[in-house]
Amino acid sequence: MPMPAEFTEIAKRVNNWGRWGADDEIGTLNLITDEVVREAAELIRTGKRISLALPLQQDGVQTGAMPGRTNPLHTMTLINCEVFGPGTVATSDDTVSMGLQAATHWDGLTHVSYEDRLYNGFSAKDSITAHGGAEKLGIEKAKHIASRGVLLDVARAYGVDRLDDALAIGPAELEAAEELAGTTVRSGDIVLVRTGVMRSYLAGDKTRYYPPAAGLSLHAPEWFHARDVAAVAVDTVAFEIFPPEIENCFMPVHALHLVEMGMLQGQNWNLEELSEDCAADGLYAFFLEASPEPFVGGSGTPVNPIAIK
C-alpha cells in the first residue's frame, strides 16, 4: 500500500539524503559538532546527575506484543566459583538475553523502512541480512552521543500529569513546552518530549502505559527539521501518537525521522525525575550523555542517558 499524499509531501520537505555526503551513515548526529558539545558542557554548574533509564529487569515494559522484543533474562553462569582451585579468589559471572529495544533505548536507522527505503538511499533488502544484521547504518556507527539536551515538558506546559490519549503532539504543543522551558531549541540539540505516560508504568499499570496514548504527530518532524535537532526521545513505548492520525498509515513519524531525516529516536525514557528537577530550578537545558552500546549491526540499542546540570 503506497504512503498517503500527506506523508509523502512532508517526506520531501524533511529529507536529508546527501546532505552529509552519499556515504553518510549517522544522519543528524552530524549536527553535534565540537562547538555544540563545548557549549553544552558549559551548562554543567553543580555536577548533579539524573539517569533517564528504566531498570533492565525481567519484569520490564515489554508484554510480548512485539515478537522477539523480550525483557532481559538475567542468568548466573558462575556463583562464587574458585576456578583456580580451593582457597583461591572466587568468581561470579552472569549473562543476559534481551531485545535490544526492550527498555530505554535508541531506535537505529535500520529499525524501520518503507518501499525498500533506508536513510540516504540505502536499500533495506540489501543492507539488512540475517547473518550480519544492519550491514549499513548499524547502531555502532553512532559512536558517541553527547550534546545539549532540552526537556520539552508538554504535560507540564498543559498543566496535567498525563496528556490525553488522543493528543497528537505537533508544533503548537512543542512550542508551548519550549515557552515553558524558557529556551530555544537549536541546532545539535537532543530534544526530550515528556507526555507523562511513563507515570502509568512507574505506578505499576503496564496496561495504561501501552497505547492508546499521546505521542508525536505526523507534523512534528518538520518542526524538528527546521530546528536542526540531532535526536529526539520520549517517555512512551510507541514514540508517536497511536492509533495513527491517518487510518492505516502506521508509524509515519518513525519513517520520517529514521528514513527521511536520518535521525535517531529514543523510547521508554524515564523523564519524571528530570521533570521535577527542571520545574524546581527552572533549567530545562542541560548536558546530556546518551551514547549507544556499540552492537555491530544492531537496529537499536539499550542506553542509560544521563542528564548533567
# chains A, B, ... in the order shown; residues from 1 in each chain; ligands from 1

call {"tool": "select_by_dssp", "arguments": {"residues": "stretch 19-245 of chain A", "states": "strand (DSSP E)", "output": "compact mmCIF listing (two decimals) with C-alpha atoms, in the first residue's frame"}}
result
# COMPACT_ATOMS: atom_id res chain seq x y z
CA ARG A 49 23.36 13.77 37.51
CA ILE A 50 19.95 12.28 36.68
CA SER A 51 19.57 8.91 34.99
CA LEU A 73 16.54 -12.54 31.17
CA HIS A 74 19.44 -12.49 33.63
CA THR A 75 21.21 -15.78 34.35
CA MET A 76 24.14 -16.51 36.65
CA THR A 77 26.79 -18.67 34.98
CA LEU A 78 29.24 -18.76 37.91
CA ILE A 79 28.49 -18.17 41.59
CA ASN A 80 31.48 -17.75 43.92
CA CYS A 81 33.38 -20.30 41.86
CA THR A 91 34.47 -15.54 40.64
CA SER A 92 30.83 -14.78 39.83
CA ASP A 93 29.75 -14.26 36.22
CA ASP A 94 26.44 -13.76 34.50
CA THR A 95 24.82 -13.45 31.11
CA VAL A 96 21.72 -11.76 29.76
CA SER A 97 19.36 -12.32 26.86
CA HIS A 105 16.70 2.59 24.04
CA TRP A 106 17.59 4.32 20.81
CA ASP A 107 15.98 3.21 17.57
CA ILE A 128 19.89 -5.83 6.46
CA THR A 129 20.74 -9.53 6.48
CA GLY A 133 22.16 -7.58 10.78
CA ALA A 134 22.47 -3.97 9.67
CA ALA A 146 26.68 13.83 23.91
CA SER A 147 25.13 17.23 23.41
CA ARG A 148 22.83 19.88 24.82
CA GLY A 149 19.63 18.24 26.00
CA VAL A 150 16.38 20.18 26.20
CA LEU A 151 13.32 18.90 28.05
CA LEU A 152 10.08 19.87 26.34
CA ASP A 153 7.66 19.05 29.14
CA ALA A 168 -1.00 14.30 18.78
CA ILE A 169 1.99 16.48 19.73
CA ILE A 190 18.74 16.42 21.70
CA VAL A 191 15.08 17.04 22.47
CA LEU A 192 13.28 15.07 25.18
CA VAL A 193 9.48 15.20 24.95
CA ARG A 194 7.53 14.41 28.10
CA GLY A 215 2.64 10.88 21.14
CA LEU A 216 4.34 12.84 18.41
CA ALA A 231 17.85 13.37 18.03
CA VAL A 232 14.52 13.08 19.86
CA ALA A 233 13.46 10.84 22.75
CA VAL A 234 10.11 10.39 24.50

call {"tool": "select_by_dssp", "arguments": {"residues": "stretch 55-144 of chain A", "states": "helix (DSSP H, G or I)", "output": "list in words"}}
result
Tyr119, Asn120, Gly121, Ala124, Lys125, Asp126, Ser127, Ile139, Glu140 and Lys141 of chain A

call {"tool": "write_last_selection", "arguments": {"atoms": "C-alpha atoms", "output": "compact mmCIF listing (two decimals), in the first residue's frame"}}
result
# COMPACT_ATOMS: atom_id res chain seq x y z
CA TYR A 119 18.23 6.69 5.18
CA ASN A 120 20.45 8.20 2.48
CA GLY A 121 19.09 5.93 -0.24
CA ALA A 124 16.65 -2.19 3.10
CA LYS A 125 16.78 -5.62 1.44
CA ASP A 126 20.45 -5.18 0.57
CA SER A 127 21.53 -3.57 3.86
CA ILE A 139 23.86 1.41 15.57
CA GLU A 140 27.62 1.02 16.15
CA LYS A 141 28.14 3.84 13.63

call {"tool": "residues_around", "arguments": {"residues": "A:Ala290", "least_positions_apart": "3", "cutoff": "7 Å", "atoms": "only C-alpha atoms", "output": "list in words"}}
result
Ile145, Ala146, Val303, Asn304, Pro305 and Ile306 of chain A

call {"tool": "residues_around", "arguments": {"residues": "A:Gly196", "least_positions_apart": "4", "cutoff": "7 Å", "atoms": "only C-alpha atoms", "output": "list in words"}}
result
Ala155, Asp161, Arg162 and Leu163 of chain A

call {"tool": "write_last_selection", "arguments": {"atoms": "all heavy atoms", "output": "mmCIF file, in the first residue's frame"}}
result
data_model
loop_
_atom_site.group_PDB
_atom_site.id
_atom_site.type_symbol
_atom_site.label_atom_id
_atom_site.label_comp_id
_atom_site.auth_asym_id
_atom_site.auth_seq_id
_atom_site.Cartn_x
_atom_site.Cartn_y
_atom_site.Cartn_z
ATOM 1 N N ALA A 155 3.405 17.844 29.013
ATOM 2 C CA ALA A 155 2.403 17.603 30.048
ATOM 3 C C ALA A 155 2.370 18.753 31.058
ATOM 4 O O ALA A 155 1.296 19.263 31.403
ATOM 5 C CB ALA A 155 2.682 16.278 30.755
ATOM 6 N N ASP A 161 -0.867 15.808 34.646
ATOM 7 C CA ASP A 161 0.107 14.765 34.959
ATOM 8 C C ASP A 161 0.402 13.896 33.740
ATOM 9 O O ASP A 161 1.521 13.436 33.546
ATOM 10 C CB ASP A 161 -0.409 13.878 36.097
ATOM 11 C CG ASP A 161 -0.424 14.594 37.429
ATOM 12 O OD1 ASP A 161 0.360 15.551 37.606
ATOM 13 O OD2 ASP A 161 -1.228 14.202 38.294
ATOM 14 N N ARG A 162 -0.646 13.678 32.939
ATOM 15 C CA ARG A 162 -0.532 12.824 31.755
ATOM 16 C C ARG A 162 -1.399 13.421 30.661
ATOM 17 O O ARG A 162 -2.558 13.782 30.898
ATOM 18 C CB ARG A 162 -1.001 11.402 32.079
ATOM 19 C CG ARG A 162 -1.074 10.486 30.856
ATOM 20 C CD ARG A 162 -1.664 9.137 31.184
ATOM 21 N NE ARG A 162 -1.932 8.379 29.954
ATOM 22 C CZ ARG A 162 -1.564 7.122 29.753
ATOM 23 N NH1 ARG A 162 -0.933 6.448 30.691
ATOM 24 N NH2 ARG A 162 -1.850 6.516 28.608
ATOM 25 N N LEU A 163 -0.839 13.520 29.465
ATOM 26 C CA LEU A 163 -1.602 14.076 28.355
ATOM 27 C C LEU A 163 -2.742 13.155 27.961
ATOM 28 O O LEU A 163 -2.665 11.929 28.116
ATOM 29 C CB LEU A 163 -0.685 14.294 27.151
ATOM 30 C CG LEU A 163 0.416 15.336 27.303
ATOM 31 C CD1 LEU A 163 1.321 15.337 26.069
ATOM 32 C CD2 LEU A 163 -0.164 16.728 27.519
#

call {"tool": "closest_residue", "arguments": {"among": "A:Arg186, A:Arg156, A:Lys143, A:His254", "to": "A:Ser291", "atoms": "only C-alpha atoms"}}
result
A:Lys143

call {"tool": "closest_residue", "arguments": {"among": "A:Val112, A:Leu202, A:Thr195, A:Thr88", "to": "A:Ala157", "atoms": "only C-alpha atoms"}}
result
A:Thr195

call {"tool": "closest_residue", "arguments": {"among": "A:Ile10, A:Leu43, A:Ile246, A:Met3", "to": "A:Ala220", "atoms": "only C-alpha atoms"}}
result
A:Ile10

call {"tool": "residues_around", "arguments": {"residues": "A:Leu31", "least_positions_apart": "4", "cutoff": "7 Å", "atoms": "only C-alpha atoms", "output": "list of chain:residue names"}}
result
A:Ser187, A:Gly188, A:Ala230

call {"tool": "closest_residue", "arguments": {"among": "A:Asn268, A:His219, A:Gly108, A:Tyr209", "to": "A:Pro55", "atoms": "only C-alpha atoms"}}
result
A:Asn268

call {"tool": "atom_distance", "arguments": {"atom1": "atom CA of A:Glu247", "atom2": "atom CA of A:Glu173"}}
result
22.2 Å

call {"tool": "atom_distance", "arguments": {"atom1": "atom CA of A:Thr301", "atom2": "atom CA of A:Gln101"}}
result
5.9 Å

call {"tool": "atom_distance", "arguments": {"atom1": "atom CA of A:Tyr114", "atom2": "atom CA of A:Asp228"}}
result
23.4 Å

call {"tool": "decode", "arguments": {"residues": "stretch 286-300 of chain A", "atoms": "all heavy atoms", "output": "tab-separated table (two decimals), in the first residue's frame"}}
result
chain	number	residue	atom	x	y	z
A	286	PHE	N	20.47	21.21	29.55
A	286	PHE	CA	21.49	20.56	30.37
A	286	PHE	C	22.43	19.79	29.45
A	286	PHE	O	22.17	19.64	28.25
A	286	PHE	CB	20.82	19.58	31.35
A	286	PHE	CG	19.65	18.86	30.75
A	286	PHE	CD1	19.81	17.72	29.98
A	286	PHE	CD2	18.36	19.37	30.90
A	286	PHE	CE1	18.75	17.09	29.38
A	286	PHE	CE2	17.28	18.75	30.31
A	286	PHE	CZ	17.46	17.60	29.55
A	287	PHE	N	23.51	19.30	30.00
A	287	PHE	CA	24.39	18.43	29.24
A	287	PHE	C	23.81	17.02	29.28
A	287	PHE	O	23.43	16.53	30.35
A	287	PHE	CB	25.81	18.44	29.83
A	287	PHE	CG	26.80	17.66	29.01
A	287	PHE	CD1	27.42	18.25	27.92
A	287	PHE	CD2	27.11	16.35	29.32
A	287	PHE	CE1	28.33	17.53	27.14
A	287	PHE	CE2	28.03	15.63	28.57
A	287	PHE	CZ	28.64	16.23	27.47
A	288	LEU	N	23.74	16.38	28.14
A	288	LEU	CA	23.16	15.03	28.06
A	288	LEU	C	24.16	14.08	27.42
A	288	LEU	O	24.65	14.33	26.32
A	288	LEU	CB	21.87	15.05	27.23
A	288	LEU	CG	21.18	13.69	27.05
A	288	LEU	CD1	20.65	13.17	28.39
A	288	LEU	CD2	20.04	13.80	26.04
A	289	GLU	N	24.45	13.00	28.13
A	289	GLU	CA	25.30	11.94	27.58
A	289	GLU	C	24.42	10.71	27.38
A	289	GLU	O	23.79	10.22	28.31
A	289	GLU	CB	26.44	11.61	28.54
A	289	GLU	CG	27.67	11.01	27.86
A	289	GLU	CD	27.43	9.65	27.23
A	289	GLU	OE1	26.78	8.80	27.88
A	289	GLU	OE2	27.90	9.42	26.10
A	290	ALA	N	24.33	10.24	26.13
A	290	ALA	CA	23.42	9.14	25.81
A	290	ALA	C	24.00	8.27	24.70
A	290	ALA	O	23.33	7.96	23.71
A	290	ALA	CB	22.05	9.68	25.41
A	291	SER	N	25.24	7.86	24.86
A	291	SER	CA	25.91	7.09	23.81
A	291	SER	C	25.37	5.66	23.74
A	291	SER	O	25.10	5.03	24.77
A	291	SER	CB	27.42	7.06	24.05
A	291	SER	OG	27.96	8.36	23.93
A	292	PRO	N	25.22	5.14	22.51
A	292	PRO	CA	24.71	3.78	22.34
A	292	PRO	C	25.72	2.73	22.79
A	292	PRO	O	26.93	2.97	22.79
A	292	PRO	CB	24.48	3.68	20.83
A	292	PRO	CG	24.54	5.07	20.31
A	292	PRO	CD	25.43	5.83	21.24
A	293	GLU	N	25.23	1.56	23.15
A	293	GLU	CA	26.10	0.39	23.25
A	293	GLU	C	26.41	-0.03	21.81
A	293	GLU	O	25.50	-0.18	21.00
A	293	GLU	CB	25.39	-0.74	24.00
A	293	GLU	CG	25.06	-0.42	25.44
A	293	GLU	CD	26.30	-0.22	26.29
A	293	GLU	OE1	27.37	-0.78	25.94
A	293	GLU	OE2	26.22	0.48	27.30
A	294	PRO	N	27.67	-0.23	21.46
A	294	PRO	CA	28.04	-0.42	20.05
A	294	PRO	C	27.83	-1.85	19.55
A	294	PRO	O	28.78	-2.54	19.15
A	294	PRO	CB	29.53	-0.03	20.04
A	294	PRO	CG	30.01	-0.37	21.40
A	294	PRO	CD	28.86	-0.10	22.34
A	295	PHE	N	26.58	-2.30	19.52
A	295	PHE	CA	26.28	-3.61	18.98
A	295	PHE	C	26.44	-3.56	17.46
A	295	PHE	O	25.66	-2.88	16.77
A	295	PHE	CB	24.86	-4.03	19.34
A	295	PHE	CG	24.68	-4.42	20.78
A	295	PHE	CD1	24.13	-3.53	21.70
A	295	PHE	CD2	25.06	-5.68	21.21
A	295	PHE	CE1	23.96	-3.89	23.02
A	295	PHE	CE2	24.90	-6.05	22.54
A	295	PHE	CZ	24.35	-5.15	23.45
A	296	VAL	N	27.41	-4.27	16.94
A	296	VAL	CA	27.68	-4.23	15.50
A	296	VAL	C	26.49	-4.83	14.74
A	296	VAL	O	26.06	-5.95	15.02
A	296	VAL	CB	28.97	-5.00	15.16
A	296	VAL	CG1	29.17	-5.07	13.65
A	296	VAL	CG2	30.16	-4.32	15.83
A	297	GLY	N	25.96	-4.05	13.81
A	297	GLY	CA	24.82	-4.49	13.02
A	297	GLY	C	23.48	-4.31	13.71
A	297	GLY	O	22.45	-4.72	13.17
A	298	GLY	N	23.47	-3.69	14.87
A	298	GLY	CA	22.23	-3.53	15.62
A	298	GLY	C	21.30	-2.51	14.99
A	298	GLY	O	21.73	-1.49	14.45
A	299	SER	N	20.00	-2.77	15.10
A	299	SER	CA	18.99	-1.80	14.66
A	299	SER	C	18.46	-0.98	15.81
A	299	SER	O	17.52	-0.21	15.66
A	299	SER	CB	17.84	-2.51	13.94
A	299	SER	OG	17.19	-3.41	14.82
A	300	GLY	N	19.06	-1.16	16.97
A	300	GLY	CA	18.72	-0.38	18.15
A	300	GLY	C	19.69	-0.74	19.26
A	300	GLY	O	20.55	-1.62	19.10
